[in-house]
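Asks: The following block contains the structure, expressed as structure tokens.
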Amino acid sequence: MKFIAVFIMLFLLVSCGSKKSDKELFDDAQRNLKEDKIPEAVIAYEELISNYSESNLAPEALSQLASVYQNKRIKSLSEKENLEKAVMLFKKIHTDYPQSSYAPTGLFMAGFISANELKNFDQATEIYNQFLKEYPDHDLIVSAKAELENMGLTPEEILKKNLAKEN
């Protein structure tokens, strides 16, 4: 009976002590990405975001995770599903971590993917307008305005439009 009690105590100590820190999870995810172990990277990022939502690493982990989906690296999902997940995660950075340096870029990227990859121009316009309102002095403001001006145009149409402005 004592043996079983000692075994249970040891098991509890080991299992409680084996929880990885936010930094360890982030480092694991980064290493797995470099080694092209995408499912393992996703799990580590998701665990960090879930278990350490208050960590300074959480917004960066969300950004990295969103980039995984943006680059369509989850082979079990369709291209559209990957991109929709990326938009959701980039928006989540802005929503959950509004004071983070990743928040403006997250919002911009949600608009960019919506417009250029998903061709969801209504959603992209709404996101870009929100970006312009909330971050009028951000480095990406010129890009956001250009995206709105050229929404839905092909590169050839944009070139033609810009040449017409010059003349």
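Chain labels run A, B, ... following the order of the structure tokens; each chain numbers its residues from 1, and ligands are numbered from 1 in the order shown.
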Which polymer residues have any atom within 10 Å of an atom of segment 74-81 of chain A, counting only C-alpha atoms, with same-chain residues fewer than 2 positions away left out, as a ChimeraX atom specification?
Replies: /A:38-39,42,68-72,83-87,117-118
Asks: Taking only residues of segment 8-122 of chain A that have an atom at most 10 Å from an atom of segment 139-160 of chain A, what is each one's shortest atom pair and its distance in Å to one decimal, using only C-alpha atoms, in chain and number order, as a tab-separated table?
Replies:
```
residue	atom	partner	partner_atom	distance
A:Pro104	CA	A:Leu140	CA	8.5
A:Thr105	CA	A:Leu140	CA	7.8
A:Phe108	CA	A:Ala144	CA	7.2
A:Met109	CA	A:Ala144	CA	9.8
A:Gly111	CA	A:Ala144	CA	8.5
A:Phe112	CA	A:Glu147	CA	7.8
A:Ala115	CA	A:Met151	CA	6.9
A:Asn116	CA	A:Gly152	CA	7.9
A:Lys119	CA	A:Gly152	CA	7.4
A:Asn120	CA	A:Gly152	CA	9.3
A:Phe121	CA	A:Met151	CA	7.0
A:Asp122	CA	A:Met151	CA	9.9
```
Asks: Now that the selection is made, can you save its residues with N, CA and C atoms as an mmCIF file, in the first residue's frame?
Replies:
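The file below, selection23.cif, is the result:
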```
data_model
loop_
_atom_site.group_PDB
_atom_site.id
_atom_site.type_symbol
_atom_site.label_atom_id
_atom_site.label_comp_id
_atom_site.auth_asym_id
_atom_site.auth_seq_id
_atom_site.Cartn_x
_atom_site.Cartn_y
_atom_site.Cartn_z
ATOM 1 N N PRO A 104 -1.263 46.397 -34.473
ATOM 2 C CA PRO A 104 -1.511 47.076 -35.752
ATOM 3 C C PRO A 104 -1.202 46.207 -36.964
ATOM 4 N N THR A 105 -0.074 45.529 -36.920
ATOM 5 C CA THR A 105 0.305 44.671 -38.041
ATOM 6 C C THR A 105 -0.679 43.521 -38.198
ATOM 7 N N PHE A 108 -3.700 44.942 -39.947
ATOM 8 C CA PHE A 108 -3.369 45.174 -41.354
ATOM 9 C C PHE A 108 -3.334 43.859 -42.127
ATOM 10 N N MET A 109 -2.668 42.866 -41.581
ATOM 11 C CA MET A 109 -2.539 41.581 -42.267
ATOM 12 C C MET A 109 -3.899 40.905 -42.450
ATOM 13 N N GLY A 111 -6.648 42.454 -43.031
ATOM 14 C CA GLY A 111 -7.201 43.136 -44.205
ATOM 15 C C GLY A 111 -6.525 42.711 -45.488
ATOM 16 N N PHE A 112 -5.207 42.591 -45.432
ATOM 17 C CA PHE A 112 -4.434 42.222 -46.614
ATOM 18 C C PHE A 112 -4.833 40.846 -47.148
ATOM 19 N N ALA A 115 -8.370 40.894 -48.620
ATOM 20 C CA ALA A 115 -8.459 41.526 -49.937
ATOM 21 C C ALA A 115 -7.742 40.736 -51.016
ATOM 22 N N ASN A 116 -6.498 40.385 -50.762
ATOM 23 C CA ASN A 116 -5.639 39.868 -51.819
ATOM 24 C C ASN A 116 -5.676 38.355 -51.999
ATOM 25 N N LYS A 119 -10.243 37.582 -51.531
ATOM 26 C CA LYS A 119 -11.085 38.441 -52.388
ATOM 27 C C LYS A 119 -12.387 38.827 -51.691
ATOM 28 N N ASN A 120 -12.323 38.935 -50.362
ATOM 29 C CA ASN A 120 -13.470 39.371 -49.570
ATOM 30 C C ASN A 120 -13.305 40.881 -49.360
ATOM 31 N N PHE A 121 -13.710 41.644 -50.364
ATOM 32 C CA PHE A 121 -13.437 43.073 -50.390
ATOM 33 C C PHE A 121 -14.222 43.849 -49.342
ATOM 34 N N ASP A 122 -15.430 43.406 -49.030
ATOM 35 C CA ASP A 122 -16.209 44.093 -47.988
ATOM 36 C C ASP A 122 -15.513 43.971 -46.635
#
```
Asks: Among the residues of segment 25-100 of chain A, find those DSSP assigns to helix (DSSP H, G or I) from the backbone and print them as a PyMOL selection string.
Replies: chain A and resi 25-34+38-51+58-70+79-96
Asks: Give me, as a PyMOL selection string, all polymer residues having an atom no more than 9 Å from Pro59 of chain A, counting only C-alpha atoms and skipping those fewer than 4 positions away in the same chain.
Replies: chain A and resi 49+53+55+63-64+92-94+96-97+100-103
Asks: How about saving the chosen residues, N, CA and C atoms kept, as a PDB file, in the first residue's frame?
Replies:
```
ATOM      1  N   ILE A  49      -0.398  29.965 -26.138  1.00  0.00           N
ATOM      2  CA  ILE A  49      -1.497  30.936 -26.189  1.00  0.00           C
ATOM      3  C   ILE A  49      -2.592  30.574 -25.193  1.00  0.00           C
ATOM      4  N   SER A  53      -1.814  33.068 -21.691  1.00  0.00           N
ATOM      5  CA  SER A  53      -2.409  34.166 -22.456  1.00  0.00           C
ATOM      6  C   SER A  53      -1.919  35.539 -22.007  1.00  0.00           C
ATOM      7  N   SER A  55       1.208  36.125 -21.142  1.00  0.00           N
ATOM      8  CA  SER A  55       2.643  36.192 -21.424  1.00  0.00           C
ATOM      9  C   SER A  55       2.941  37.251 -22.481  1.00  0.00           C
ATOM     10  N   SER A  63       1.003  35.714 -33.807  1.00  0.00           N
ATOM     11  CA  SER A  63       1.461  36.208 -35.102  1.00  0.00           C
ATOM     12  C   SER A  63       2.167  35.106 -35.892  1.00  0.00           C
ATOM     13  N   GLN A  64       3.022  34.371 -35.222  1.00  0.00           N
ATOM     14  CA  GLN A  64       3.730  33.266 -35.879  1.00  0.00           C
ATOM     15  C   GLN A  64       2.744  32.192 -36.340  1.00  0.00           C
ATOM     16  N   LYS A  92      -7.348  38.332 -33.937  1.00  0.00           N
ATOM     17  CA  LYS A  92      -7.298  38.000 -32.509  1.00  0.00           C
ATOM     18  C   LYS A  92      -6.154  38.736 -31.805  1.00  0.00           C
ATOM     19  N   ILE A  93      -5.041  38.908 -32.500  1.00  0.00           N
ATOM     20  CA  ILE A  93      -3.924  39.665 -31.920  1.00  0.00           C
ATOM     21  C   ILE A  93      -4.409  41.068 -31.575  1.00  0.00           C
ATOM     22  N   HIS A  94      -5.079  41.691 -32.538  1.00  0.00           N
ATOM     23  CA  HIS A  94      -5.582  43.054 -32.339  1.00  0.00           C
ATOM     24  C   HIS A  94      -6.620  43.111 -31.218  1.00  0.00           C
ATOM     25  N   ASP A  96      -7.275  40.739 -28.688  1.00  0.00           N
ATOM     26  CA  ASP A  96      -6.844  40.260 -27.371  1.00  0.00           C
ATOM     27  C   ASP A  96      -5.639  41.004 -26.809  1.00  0.00           C
ATOM     28  N   TYR A  97      -4.837  41.592 -27.689  1.00  0.00           N
ATOM     29  CA  TYR A  97      -3.605  42.268 -27.251  1.00  0.00           C
ATOM     30  C   TYR A  97      -3.496  43.648 -27.900  1.00  0.00           C
ATOM     31  N   SER A 100      -0.259  45.568 -27.689  1.00  0.00           N
ATOM     32  CA  SER A 100       0.932  44.909 -28.215  1.00  0.00           C
ATOM     33  C   SER A 100       1.416  45.600 -29.483  1.00  0.00           C
ATOM     34  N   SER A 101       2.715  45.556 -29.699  1.00  0.00           N
ATOM     35  CA  SER A 101       3.267  46.089 -30.949  1.00  0.00           C
ATOM     36  C   SER A 101       2.823  45.247 -32.149  1.00  0.00           C
ATOM     37  N   TYR A 102       2.307  44.052 -31.897  1.00  0.00           N
ATOM     38  CA  TYR A 102       1.820  43.183 -32.969  1.00  0.00           C
ATOM     39  C   TYR A 102       0.384  43.517 -33.381  1.00  0.00           C
ATOM     40  N   ALA A 103      -0.337  44.283 -32.592  1.00  0.00           N
ATOM     41  CA  ALA A 103      -1.750  44.570 -32.867  1.00  0.00           C
ATOM     42  C   ALA A 103      -1.973  45.302 -34.191  1.00  0.00           C
TER      43      ALA A 103
END
```
Asks: Could you check the closest approach to Arg73 of chain A for each of A:Glu166, A:Glu47, A:Asp36, A:Glu54 and tell me which residue wins, using only C-alpha atoms?
Replies: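 Of A:Glu166, A:Glu47, A:Asp36, A:Glu54, the one nearest Arg73 of chain A, counting only C-alpha atoms, is A:Asp36.
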Asks: Identify, on the basis of only C-alpha atoms, every residue whose closest approach to Ser50 of chain A does not exceed 12 Å; exclude the query and any residue fewer than 4 positions from it along the same chain; express the result as an MDAnalysis selection string.
Replies: chainID A and resid 22 25 42:46 54:55 57:59 61:62
Asks: Keeping only C-alpha atoms, write the selected residues to a file as a PDB file, in the first residue's frame.
Replies:
```pdb
ATOM      1  CA  ASP A  22       5.965  30.014 -22.069  1.00  0.00           C
ATOM      2  CA  LEU A  25       6.949  26.385 -25.610  1.00  0.00           C
ATOM      3  CA  VAL A  42       1.188  24.568 -34.074  1.00  0.00           C
ATOM      4  CA  ILE A  43       0.610  22.530 -30.909  1.00  0.00           C
ATOM      5  CA  ALA A  44       3.361  24.393 -29.039  1.00  0.00           C
ATOM      6  CA  TYR A  45       2.065  27.815 -30.146  1.00  0.00           C
ATOM      7  CA  GLU A  46      -1.511  26.881 -29.234  1.00  0.00           C
ATOM      8  CA  GLU A  54      -0.918  36.917 -20.262  1.00  0.00           C
ATOM      9  CA  SER A  55       2.643  36.192 -21.424  1.00  0.00           C
ATOM     10  CA  LEU A  57       5.215  36.000 -25.871  1.00  0.00           C
ATOM     11  CA  ALA A  58       1.520  35.322 -26.561  1.00  0.00           C
ATOM     12  CA  PRO A  59       1.017  38.059 -29.212  1.00  0.00           C
ATOM     13  CA  ALA A  61       3.081  33.342 -30.838  1.00  0.00           C
ATOM     14  CA  LEU A  62      -0.300  34.305 -32.329  1.00  0.00           C
TER      15      LEU A  62
END
```
